[in-house]
file model03.csv (CSV, C-alpha atoms and all ligand atoms)
chain,number,residue,atom,x,y,z
A,26,MET,CA,-57.5,264.2,11.2
A,27,LYS,CA,-58.8,263.9,7.7
A,28,VAL,CA,-56.6,266.4,5.8
A,29,SER,CA,-57.1,267.4,2.2
A,30,GLU,CA,-54.1,269.8,1.7
A,31,ILE,CA,-51.6,272.0,3.4
A,32,PHE,CA,-50.0,275.0,1.6
A,33,VAL,CA,-48.9,278.6,1.9
A,34,SER,CA,-50.5,281.6,0.3
A,35,VAL,CA,-52.1,284.8,1.3
A,36,GLN,CA,-55.4,285.0,3.0
A,37,GLY,CA,-57.7,285.7,0.0
A,38,GLU,CA,-60.9,286.7,1.9
A,39,GLY,CA,-62.3,288.2,5.0
A,40,LEU,CA,-60.7,290.7,7.4
A,41,ASP,CA,-57.2,289.2,7.2
A,42,VAL,CA,-57.1,289.5,3.4
A,43,GLY,CA,-53.5,289.8,2.2
A,44,LYS,CA,-52.0,288.2,5.3
A,45,ALA,CA,-49.3,285.5,4.6
A,46,ILE,CA,-50.8,282.3,6.0
A,47,THR,CA,-50.5,278.5,6.0
A,48,PHE,CA,-53.8,276.9,4.9
A,49,LEU,CA,-54.8,273.6,6.4
A,50,ARG,CA,-57.8,272.2,4.5
A,51,LEU,CA,-59.7,269.5,6.3
A,52,THR,CA,-61.9,267.0,4.5
A,53,GLY,CA,-65.6,266.5,5.1
A,54,CYS,CA,-68.6,268.9,5.4
A,55,ASN,CA,-72.1,268.7,6.9
A,56,LEU,CA,-73.5,270.9,4.1
A,57,ALA,CA,-73.5,270.7,0.3
A,58,CYS,CA,-73.5,274.2,-1.2
A,59,GLU,CA,-74.2,274.3,-4.9
A,60,TRP,CA,-71.5,276.8,-5.5
A,61,CYS,CA,-68.9,275.2,-3.2
A,62,ASP,CA,-65.5,275.9,-4.7
A,63,THR,CA,-63.8,273.1,-2.7
A,64,GLN,CA,-66.0,270.2,-3.6
A,65,TYR,CA,-62.8,268.0,-3.7
A,66,ALA,CA,-62.7,268.4,0.1
A,67,SER,CA,-66.4,268.7,1.0
A,68,ARG,CA,-68.3,266.1,-0.8
A,69,PRO,CA,-68.7,262.4,0.4
A,70,GLY,CA,-65.9,260.3,-1.1
A,71,SER,CA,-63.4,263.2,-1.2
A,72,GLU,CA,-59.7,262.2,-0.9
A,73,PHE,CA,-57.8,262.7,2.3
A,74,LYS,CA,-54.7,261.8,4.3
A,75,VAL,CA,-55.0,260.9,7.9
A,76,LEU,CA,-52.5,262.9,10.1
A,77,SER,CA,-52.4,263.5,13.8
A,78,PRO,CA,-52.5,267.0,15.2
A,79,LYS,CA,-48.8,266.7,16.0
A,80,GLU,CA,-47.9,265.6,12.5
A,81,ILE,CA,-50.0,268.5,11.1
A,82,ILE,CA,-48.2,271.1,13.3
A,83,LYS,CA,-44.8,269.7,12.2
A,84,LYS,CA,-45.8,270.2,8.6
A,85,ILE,CA,-47.2,273.6,9.2
A,86,GLN,CA,-44.1,274.8,11.0
A,87,SER,CA,-41.9,273.7,8.1
A,88,PHE,CA,-43.4,276.6,6.0
A,89,LYS,CA,-42.1,279.1,8.6
A,90,VAL,CA,-45.2,281.3,8.4
A,91,PRO,CA,-46.6,281.8,11.9
A,92,ALA,CA,-50.2,281.9,11.0
A,93,VAL,CA,-52.7,279.1,10.1
A,94,SER,CA,-56.1,279.2,8.5
A,95,ILE,CA,-58.0,276.0,9.2
A,96,THR,CA,-60.6,275.6,6.6
A,97,GLY,CA,-62.4,272.8,4.7
A,98,GLY,CA,-64.9,271.4,4.2
A,99,GLU,CA,-66.2,272.1,7.7
A,100,PRO,CA,-63.4,272.0,10.4
A,101,LEU,CA,-65.7,271.6,13.3
A,102,ILE,CA,-66.9,268.2,12.3
A,103,GLN,CA,-63.5,267.0,13.7
A,104,LYS,CA,-63.9,268.9,17.0
A,105,LYS,CA,-61.9,266.8,19.3
A,106,GLU,CA,-58.7,266.8,17.1
A,107,LEU,CA,-59.3,270.4,16.2
A,108,ILE,CA,-59.1,271.4,19.9
A,109,ALA,CA,-55.8,269.4,20.2
A,110,LEU,CA,-54.4,271.0,17.1
A,111,CYS,CA,-55.4,274.6,18.2
A,112,LYS,CA,-53.8,274.0,21.6
A,113,LEU,CA,-50.5,273.0,19.9
A,114,ALA,CA,-50.7,276.0,17.5
A,115,GLN,CA,-51.4,278.4,20.4
A,116,ASN,CA,-48.4,276.9,22.3
A,117,ILE,CA,-46.1,278.0,19.5
A,118,ASN,CA,-47.7,281.4,19.2
A,119,TYR,CA,-49.4,280.9,15.9
A,120,PHE,CA,-52.2,283.2,14.7
A,121,ILE,CA,-55.1,280.9,14.3
A,122,ASP,CA,-58.1,281.4,12.0
A,123,ILE,CA,-61.0,279.0,11.6
A,124,GLN,CA,-63.4,279.1,8.7
A,125,THR,CA,-66.7,277.6,9.6
A,126,ASN,CA,-70.2,277.5,8.1
A,127,GLY,CA,-71.8,278.6,11.4
A,128,THR,CA,-73.9,275.4,12.0
A,129,LEU,CA,-71.5,274.0,14.7
A,130,TYR,CA,-70.0,275.4,17.9
A,131,GLU,CA,-67.3,274.3,20.3
A,132,GLU,CA,-66.8,276.5,23.4
A,133,VAL,CA,-63.2,275.4,24.1
A,134,LEU,CA,-62.1,276.9,20.8
A,135,GLY,CA,-63.3,280.3,21.8
A,136,SER,CA,-60.1,281.2,23.8
A,137,LEU,CA,-57.7,279.3,21.5
A,138,VAL,CA,-58.5,281.0,18.2
A,139,ASP,CA,-57.7,284.6,17.0
A,140,ARG,CA,-60.3,284.8,14.2
A,141,PHE,CA,-63.5,282.8,13.8
A,142,SER,CA,-64.7,283.5,10.3
A,143,VAL,CA,-68.3,282.3,10.5
A,144,SER,CA,-70.0,282.1,7.1
A,145,PRO,CA,-73.7,281.2,7.4
A,146,LYS,CA,-75.1,279.9,4.1
A,147,LEU,CA,-78.0,281.6,2.3
A,148,THR,CA,-80.7,280.4,-0.1
A,149,SER,CA,-78.4,280.4,-3.1
A,150,SER,CA,-76.3,277.7,-1.4
A,151,GLY,CA,-79.1,275.2,-2.1
A,152,ASN,CA,-79.1,273.8,1.4
A,153,HIS,CA,-82.4,273.4,3.3
A,154,PHE,CA,-82.9,276.2,5.8
A,155,THR,CA,-83.1,273.8,8.8
A,156,LYS,CA,-79.7,272.4,7.8
A,157,ARG,CA,-77.9,275.7,7.3
A,158,PHE,CA,-79.3,277.8,10.1
A,159,ASN,CA,-79.0,277.1,13.8
A,160,LYS,CA,-80.2,279.9,16.1
A,161,GLN,CA,-78.5,278.5,19.2
A,162,VAL,CA,-75.1,278.3,17.4
A,163,TRP,CA,-75.5,282.0,16.3
A,164,PHE,CA,-76.2,283.0,19.9
A,165,ARG,CA,-73.1,281.1,21.0
A,166,TYR,CA,-70.8,282.9,18.6
A,167,ILE,CA,-72.3,286.2,19.7
A,168,GLU,CA,-71.5,285.4,23.3
A,169,GLN,CA,-68.0,284.3,22.3
A,170,HIS,CA,-67.4,287.7,20.5
A,171,LYS,CA,-68.5,289.5,23.7
A,172,LYS,CA,-65.7,287.7,25.5
A,173,TYR,CA,-62.9,287.4,23.0
A,174,LYS,CA,-63.7,289.9,20.1
A,175,ASN,CA,-62.7,287.2,17.6
A,176,VAL,CA,-65.8,286.5,15.5
A,177,THR,CA,-66.7,287.8,12.1
A,178,PHE,CA,-69.9,286.9,10.1
A,179,LYS,CA,-69.3,286.5,6.4
A,180,PHE,CA,-72.1,286.1,3.8
A,181,VAL,CA,-71.5,285.0,0.2
A,182,ILE,CA,-74.0,287.0,-1.8
A,183,GLN,CA,-75.3,285.9,-5.2
A,184,ASP,CA,-78.2,288.2,-5.6
A,185,LYS,CA,-80.7,290.6,-3.9
A,186,LYS,CA,-82.6,287.6,-2.4
A,187,ASP,CA,-79.4,286.5,-0.6
A,188,ARG,CA,-78.7,290.1,0.6
A,189,ASN,CA,-82.3,290.5,1.9
A,190,GLU,CA,-82.1,287.1,3.7
A,191,ALA,CA,-78.7,288.1,5.3
A,192,LEU,CA,-80.3,291.3,6.6
A,193,ASN,CA,-83.4,289.4,7.9
A,194,LEU,CA,-81.3,286.9,9.7
A,195,LEU,CA,-79.1,289.6,11.2
A,196,ASN,CA,-82.1,291.5,12.4
A,197,ARG,CA,-83.1,288.5,14.5
A,198,PHE,CA,-80.0,289.1,16.6
A,199,PRO,CA,-79.8,292.8,17.7
A,200,ALA,CA,-76.6,292.1,19.6
A,201,ILE,CA,-74.7,291.6,16.4
A,202,ARG,CA,-75.3,295.3,15.6
A,203,ASN,CA,-74.9,296.5,19.2
A,204,ILE,CA,-71.5,294.9,19.8
A,205,LYS,CA,-70.3,295.7,16.3
A,206,ILE,CA,-69.4,292.2,15.1
A,207,PRO,CA,-67.8,292.7,11.7
A,208,ILE,CA,-70.2,291.7,8.9
A,209,ILE,CA,-68.6,290.9,5.5
A,210,LEU,CA,-70.4,290.7,2.2
A,211,GLN,CA,-68.5,288.6,-0.3
A,212,PRO,CA,-69.6,288.4,-4.0
A,213,GLU,CA,-70.4,284.8,-5.1
A,214,ILE,CA,-68.5,284.0,-8.3
A,215,ASP,CA,-69.8,281.0,-10.4
A,216,VAL,CA,-67.0,278.4,-10.3
A,217,LYS,CA,-67.2,278.2,-14.1
A,218,LYS,CA,-66.8,281.9,-14.5
A,219,ALA,CA,-64.2,282.5,-11.9
A,220,GLU,CA,-61.5,282.9,-14.5
A,221,SER,CA,-63.0,286.1,-15.9
A,222,LEU,CA,-61.8,289.2,-14.2
A,223,GLU,CA,-64.7,291.2,-15.7
A,224,THR,CA,-67.2,288.8,-14.1
A,225,GLN,CA,-65.5,289.2,-10.8
A,226,ALA,CA,-65.3,293.0,-11.0
A,227,GLU,CA,-69.0,293.2,-12.0
A,228,ALA,CA,-70.1,291.1,-9.0
A,229,LEU,CA,-68.0,293.3,-6.6
A,230,ARG,CA,-69.2,296.5,-8.2
A,231,TRP,CA,-72.9,295.4,-7.9
A,232,LEU,CA,-72.4,294.6,-4.2
A,233,ILE,CA,-70.9,298.0,-3.4
A,234,GLU,CA,-73.4,300.0,-5.5
A,235,ASP,CA,-76.3,298.0,-4.1
A,236,ASN,CA,-75.4,298.1,-0.4
A,237,ILE,CA,-73.3,301.2,0.1
A,238,MET,CA,-74.1,303.6,-2.7
A,239,ASP,CA,-77.8,303.0,-2.8
A,240,ASP,CA,-79.4,305.3,-0.3
A,241,LYS,CA,-82.3,303.0,0.7
A,242,THR,CA,-80.2,299.8,1.2
A,243,ARG,CA,-77.5,301.7,3.0
A,244,LEU,CA,-80.0,302.7,5.6
A,245,LYS,CA,-80.8,299.1,6.2
A,246,TRP,CA,-77.2,298.5,7.1
A,247,GLN,CA,-77.1,301.5,9.5
A,248,GLY,CA,-75.3,300.6,12.7
A,249,TYR,CA,-73.7,297.4,11.4
A,250,ASN,CA,-69.9,297.1,11.1
A,251,LEU,CA,-70.1,296.4,7.4
A,252,PHE,CA,-67.3,295.4,5.0
A,253,ILE,CA,-67.5,294.4,1.3
A,254,ILE,CA,-64.5,292.2,0.5
A,255,PRO,CA,-63.9,290.1,-2.7
A,256,GLN,CA,-61.8,286.9,-2.8
A,257,ILE,CA,-58.4,288.2,-4.1
A,258,HIS,CA,-57.1,284.7,-4.8
A,259,LYS,CA,-59.9,284.3,-7.4
A,260,TYR,CA,-58.7,287.5,-9.1
A,261,CYS,CA,-55.1,286.1,-9.3
A,262,TRP,CA,-55.8,282.4,-10.0
A,263,GLY,CA,-59.5,281.8,-10.8
A,264,ASN,CA,-60.5,278.4,-9.4
A,265,LYS,CA,-57.0,276.9,-9.2
A,266,ARG,CA,-56.4,274.7,-6.2
A,267,ARG,CA,-53.7,275.2,-3.4
A,268,VAL,CA,-53.6,279.0,-3.8
B,1,LIG,S1,-70.1,274.8,3.9
B,1,LIG,FE1,-68.3,275.5,2.8
B,1,LIG,S2,-67.1,273.6,2.4
B,1,LIG,FE2,-69.2,273.0,3.0
B,1,LIG,S3,-70.2,272.7,1.1
B,1,LIG,FE3,-70.6,274.8,1.7
B,1,LIG,S4,-69.0,276.1,0.8
B,1,LIG,FE4,-68.4,273.9,0.6
call {"tool": "encode", "arguments": {"input": "model03.csv", "output": "structure tokens", "more": "lines below"}}
Ligand code: SF4
result
Amino acid sequence: MKVSEIFVSVQGEGLDVGKAITFLRLTGCNLACEWCDTQYASRPGSEFKVLSPKEIIKKIQSFKVPAVSITGGEPLIQKKELIALCKLAQNINYFIDIQTNGTLYEEVLGSLVDRFSVSPKLTSSGNHFTKRFNKQVWFRYIEQHKKYKNVTFKFVIQDKKDRNEALNLLNRFPAIRNIKIPIILQPEIDVKKAESLETQAEALRWLIEDNIMDDKTRLKWQGYNLFIIPQIHKYCWGNKRRV
């Protein structure tokens, strides 16, 4: 597999925030988000090491933290090896999280993975709509959640336009509300401004005030299993790598 880095930290975002976890960052992505904070792993020409699933598991086990977050780049572009890796991790009872951009799906992974953090990209990402949105893939994740209860949808929100788009997309899939798939709104922090705690707090404050404290917008989220969660690693380390 094309591996960018392997390291231990806490999960900095999503429903497992604060959990001690080993990160496996794979190289390569099928999108090119303007605000991508891991361009060293997602853009064409990014550096990588080639390791087999067995070699990766050996390295991961050496950290003695029985949980792994497989991220990228986009992990699902290496589907075949990803399945082999997840099978090995499941055999040793690891908690497995996969972070994906929601454009690709692989059914076999549904029963192997504890948490599928699906993060569809919105207008602010700069990707063309037809590249970043795949209706069939959304349906597949919804079906997967009905069976395994292991899917969350996470949206990186830069402004009201993003928030409205997230709501419009979600409204196309009433099942998401009906089966209470967790929906996470995460503030987008400009990579150049990530060092500033005040910038981060402001973005989080706006997201809470605008979506939960504002009476009109709160109504639009009625029935959704909504969470607003910042990236805690950005608060601690800004845009530093391997944290
Ligand atoms: S999908 Fe994720 S890894 Fe790929 S470019 Fe966008 S933010 Fe970066």
call {"tool": "residues_near_ligand", "arguments": {"input": "model03.csv", "ligand": "ligand LIG 1 (chain B)", "cutoff": "9 Å", "atoms": "all atoms listed in the file", "output": "count of residues only"}}
result
32
call {"tool": "atom_distance", "arguments": {"input": "model03.csv", "atom1": "CA of Ala92 in chain A", "atom2": "CA of Gln169 in chain A"}}
result
21.2 Å
call {"tool": "residues_around", "arguments": {"input": "model03.csv", "residues": "Ser87 in chain A", "least_positions_apart": "3", "cutoff": "12 Å", "atoms": "only C-alpha atoms", "output": "PyMOL selection string"}}
result
chain A and resi 31-33+47+80-84+90-91
call {"tool": "closest_atom_pairs", "arguments": {"input": "model03.csv", "of": "range 154-219 of chain A", "to": "range 255-265 of chain A", "cutoff": "10 Å", "atoms": "all atoms listed in the file", "output": "Markdown table"}}
result
| residue | atom | partner | partner_atom | distance |
| --- | --- | --- | --- | --- |
| A:Val181 | CA | A:Pro255 | CA | 9.6 |
| A:Ile209 | CA | A:Pro255 | CA | 9.5 |
| A:Leu210 | CA | A:Pro255 | CA | 8.2 |
| A:Gln211 | CA | A:Pro255 | CA | 5.4 |
| A:Pro212 | CA | A:Pro255 | CA | 6.1 |
| A:Glu213 | CA | A:Pro255 | CA | 8.7 |
| A:Ile214 | CA | A:Lys259 | CA | 8.7 |
| A:Asp215 | CA | A:Asn264 | CA | 9.7 |
| A:Val216 | CA | A:Asn264 | CA | 6.6 |
| A:Lys217 | CA | A:Asn264 | CA | 8.2 |
| A:Lys218 | CA | A:Gly263 | CA | 8.2 |
| A:Ala219 | CA | A:Gly263 | CA | 4.9 |
call {"tool": "write_last_selection", "arguments": {"input": "model03.csv", "atoms": "C-alpha atoms", "output": "short mmCIF file (atom, residue, chain, number, x, y, z; two decimals), keeping the file's coordinate frame"}}
result
data_model
loop_
_atom_site.label_atom_id
_atom_site.label_comp_id
_atom_site.auth_asym_id
_atom_site.auth_seq_id
_atom_site.Cartn_x
_atom_site.Cartn_y
_atom_site.Cartn_z
CA VAL A 181 -71.50 285.00 0.20
CA ILE A 209 -68.60 290.90 5.50
CA LEU A 210 -70.40 290.70 2.20
CA GLN A 211 -68.50 288.60 -0.30
CA PRO A 212 -69.60 288.40 -4.00
CA GLU A 213 -70.40 284.80 -5.10
CA ILE A 214 -68.50 284.00 -8.30
CA ASP A 215 -69.80 281.00 -10.40
CA VAL A 216 -67.00 278.40 -10.30
CA LYS A 217 -67.20 278.20 -14.10
CA LYS A 218 -66.80 281.90 -14.50
CA ALA A 219 -64.20 282.50 -11.90
#
call {"tool": "closest_residue", "arguments": {"input": "model03.csv", "among": "A:Lys27, A:Lys156, A:Arg140, A:Lys112", "to": "Asn175 in chain A", "atoms": "all atoms listed in the file"}}
result
A:Arg140
call {"tool": "atom_distance", "arguments": {"input": "model03.csv", "atom1": "CA of Lys185 in chain A", "atom2": "CA of Ile123 in chain A"}}
result
27.6 Å
call {"tool": "residues_around", "arguments": {"input": "model03.csv", "residues": "Asn250 in chain A", "least_positions_apart": "5", "cutoff": "7 Å", "atoms": "all atoms listed in the file", "output": "mmCIF file with C-alpha atoms, keeping the file's coordinate frame"}}
result
data_model
loop_
_atom_site.group_PDB
_atom_site.id
_atom_site.type_symbol
_atom_site.label_atom_id
_atom_site.label_comp_id
_atom_site.auth_asym_id
_atom_site.auth_seq_id
_atom_site.Cartn_x
_atom_site.Cartn_y
_atom_site.Cartn_z
ATOM 1 C CA LYS A 205 -70.300 295.700 16.300
ATOM 2 C CA ILE A 206 -69.400 292.200 15.100
ATOM 3 C CA PRO A 207 -67.800 292.700 11.700
ATOM 4 C CA ILE A 208 -70.200 291.700 8.900
#
call {"tool": "decode", "arguments": {"input": "model03.csv", "residues": "range 62-91 of chain A", "atoms": "N, CA and C atoms", "output": "PDB file, in the first residue's frame"}}
result
ATOM      1  N   ASP A  62      -5.717  19.924   4.380  1.00  0.00           N
ATOM      2  CA  ASP A  62      -4.588  20.137   5.290  1.00  0.00           C
ATOM      3  C   ASP A  62      -3.585  18.981   5.242  1.00  0.00           C
ATOM      4  N   THR A  63      -3.784  18.054   4.313  1.00  0.00           N
ATOM      5  CA  THR A  63      -2.815  16.954   4.162  1.00  0.00           C
ATOM      6  C   THR A  63      -2.396  16.844   2.691  1.00  0.00           C
ATOM      7  N   GLN A  64      -2.067  17.986   2.116  1.00  0.00           N
ATOM      8  CA  GLN A  64      -1.704  17.985   0.690  1.00  0.00           C
ATOM      9  C   GLN A  64      -0.452  17.150   0.433  1.00  0.00           C
ATOM     10  N   TYR A  65       0.380  17.004   1.457  1.00  0.00           N
ATOM     11  CA  TYR A  65       1.592  16.188   1.309  1.00  0.00           C
ATOM     12  C   TYR A  65       1.258  14.713   1.087  1.00  0.00           C
ATOM     13  N   ALA A  66      -0.022  14.344   1.326  1.00  0.00           N
ATOM     14  CA  ALA A  66      -0.429  12.951   1.112  1.00  0.00           C
ATOM     15  C   ALA A  66      -1.499  12.818   0.031  1.00  0.00           C
ATOM     16  N   SER A  67      -2.091  13.949  -0.373  1.00  0.00           N
ATOM     17  CA  SER A  67      -3.233  13.831  -1.286  1.00  0.00           C
ATOM     18  C   SER A  67      -2.935  14.251  -2.722  1.00  0.00           C
ATOM     19  N   ARG A  68      -1.952  15.105  -2.900  1.00  0.00           N
ATOM     20  CA  ARG A  68      -1.722  15.641  -4.243  1.00  0.00           C
ATOM     21  C   ARG A  68      -0.845  14.703  -5.078  1.00  0.00           C
ATOM     22  N   PRO A  69      -1.022  14.746  -6.419  1.00  0.00           N
ATOM     23  CA  PRO A  69      -0.158  13.925  -7.277  1.00  0.00           C
ATOM     24  C   PRO A  69       1.309  14.243  -6.982  1.00  0.00           C
ATOM     25  N   GLY A  70       2.133  13.223  -6.932  1.00  0.00           N
ATOM     26  CA  GLY A  70       3.555  13.424  -6.668  1.00  0.00           C
ATOM     27  C   GLY A  70       3.903  13.369  -5.185  1.00  0.00           C
ATOM     28  N   SER A  71       2.888  13.154  -4.313  1.00  0.00           N
ATOM     29  CA  SER A  71       3.171  13.066  -2.869  1.00  0.00           C
ATOM     30  C   SER A  71       4.095  11.890  -2.582  1.00  0.00           C
ATOM     31  N   GLU A  72       4.913  12.065  -1.560  1.00  0.00           N
ATOM     32  CA  GLU A  72       5.848  10.986  -1.193  1.00  0.00           C
ATOM     33  C   GLU A  72       5.111   9.844  -0.502  1.00  0.00           C
ATOM     34  N   PHE A  73       5.606   8.636  -0.688  1.00  0.00           N
ATOM     35  CA  PHE A  73       5.032   7.488   0.037  1.00  0.00           C
ATOM     36  C   PHE A  73       6.049   6.364   0.122  1.00  0.00           C
ATOM     37  N   LYS A  74       5.773   5.464   1.073  1.00  0.00           N
ATOM     38  CA  LYS A  74       6.535   4.222   1.182  1.00  0.00           C
ATOM     39  C   LYS A  74       5.589   3.109   0.793  1.00  0.00           C
ATOM     40  N   VAL A  75       6.077   2.064   0.143  1.00  0.00           N
ATOM     41  CA  VAL A  75       5.192   0.942  -0.161  1.00  0.00           C
ATOM     42  C   VAL A  75       5.359  -0.120   0.926  1.00  0.00           C
ATOM     43  N   LEU A  76       4.263  -0.451   1.608  1.00  0.00           N
ATOM     44  CA  LEU A  76       4.276  -1.478   2.648  1.00  0.00           C
ATOM     45  C   LEU A  76       3.107  -2.432   2.401  1.00  0.00           C
ATOM     46  N   SER A  77       3.295  -3.704   2.721  1.00  0.00           N
ATOM     47  CA  SER A  77       2.190  -4.663   2.577  1.00  0.00           C
ATOM     48  C   SER A  77       1.269  -4.527   3.793  1.00  0.00           C
ATOM     49  N   PRO A  78       0.010  -4.994   3.684  1.00  0.00           N
ATOM     50  CA  PRO A  78      -0.876  -4.948   4.858  1.00  0.00           C
ATOM     51  C   PRO A  78      -0.235  -5.600   6.086  1.00  0.00           C
ATOM     52  N   LYS A  79       0.486  -6.716   5.894  1.00  0.00           N
ATOM     53  CA  LYS A  79       1.120  -7.381   7.040  1.00  0.00           C
ATOM     54  C   LYS A  79       2.186  -6.499   7.682  1.00  0.00           C
ATOM     55  N   GLU A  80       2.984  -5.842   6.840  1.00  0.00           N
ATOM     56  CA  GLU A  80       4.028  -4.949   7.378  1.00  0.00           C
ATOM     57  C   GLU A  80       3.399  -3.767   8.135  1.00  0.00           C
ATOM     58  N   ILE A  81       2.294  -3.287   7.602  1.00  0.00           N
ATOM     59  CA  ILE A  81       1.616  -2.154   8.261  1.00  0.00           C
ATOM     60  C   ILE A  81       1.095  -2.580   9.635  1.00  0.00           C
ATOM     61  N   ILE A  82       0.474  -3.755   9.680  1.00  0.00           N
ATOM     62  CA  ILE A  82      -0.080  -4.234  10.964  1.00  0.00           C
ATOM     63  C   ILE A  82       1.032  -4.408  11.995  1.00  0.00           C
ATOM     64  N   LYS A  83       2.175  -4.920  11.537  1.00  0.00           N
ATOM     65  CA  LYS A  83       3.296  -5.104  12.460  1.00  0.00           C
ATOM     66  C   LYS A  83       3.728  -3.751  13.055  1.00  0.00           C
ATOM     67  N   LYS A  84       3.829  -2.767  12.191  1.00  0.00           N
ATOM     68  CA  LYS A  84       4.222  -1.425  12.634  1.00  0.00           C
ATOM     69  C   LYS A  84       3.171  -0.836  13.580  1.00  0.00           C
ATOM     70  N   ILE A  85       1.910  -0.997  13.212  1.00  0.00           N
ATOM     71  CA  ILE A  85       0.826  -0.454  14.039  1.00  0.00           C
ATOM     72  C   ILE A  85       0.835  -1.100  15.429  1.00  0.00           C
ATOM     73  N   GLN A  86       1.032  -2.422  15.453  1.00  0.00           N
ATOM     74  CA  GLN A  86       1.033  -3.138  16.740  1.00  0.00           C
ATOM     75  C   GLN A  86       2.174  -2.687  17.648  1.00  0.00           C
ATOM     76  N   SER A  87       3.262  -2.223  17.030  1.00  0.00           N
ATOM     77  CA  SER A  87       4.414  -1.828  17.839  1.00  0.00           C
ATOM     78  C   SER A  87       4.089  -0.640  18.739  1.00  0.00           C
ATOM     79  N   PHE A  88       3.024   0.119  18.418  1.00  0.00           N
ATOM     80  CA  PHE A  88       2.652   1.271  19.250  1.00  0.00           C
ATOM     81  C   PHE A  88       1.815   0.875  20.472  1.00  0.00           C
ATOM     82  N   LYS A  89       1.302  -0.379  20.445  1.00  0.00           N
ATOM     83  CA  LYS A  89       0.527  -0.887  21.604  1.00  0.00           C
ATOM     84  C   LYS A  89      -0.719  -0.050  21.927  1.00  0.00           C
ATOM     85  N   VAL A  90      -1.351   0.490  20.902  1.00  0.00           N
ATOM     86  CA  VAL A  90      -2.631   1.196  21.075  1.00  0.00           C
ATOM     87  C   VAL A  90      -3.651   0.475  20.185  1.00  0.00           C
ATOM     88  N   PRO A  91      -4.603  -0.246  20.768  1.00  0.00           N
ATOM     89  CA  PRO A  91      -5.434  -1.149  19.955  1.00  0.00           C
ATOM     90  C   PRO A  91      -6.560  -0.473  19.170  1.00  0.00           C
TER      91      PRO A  91
END
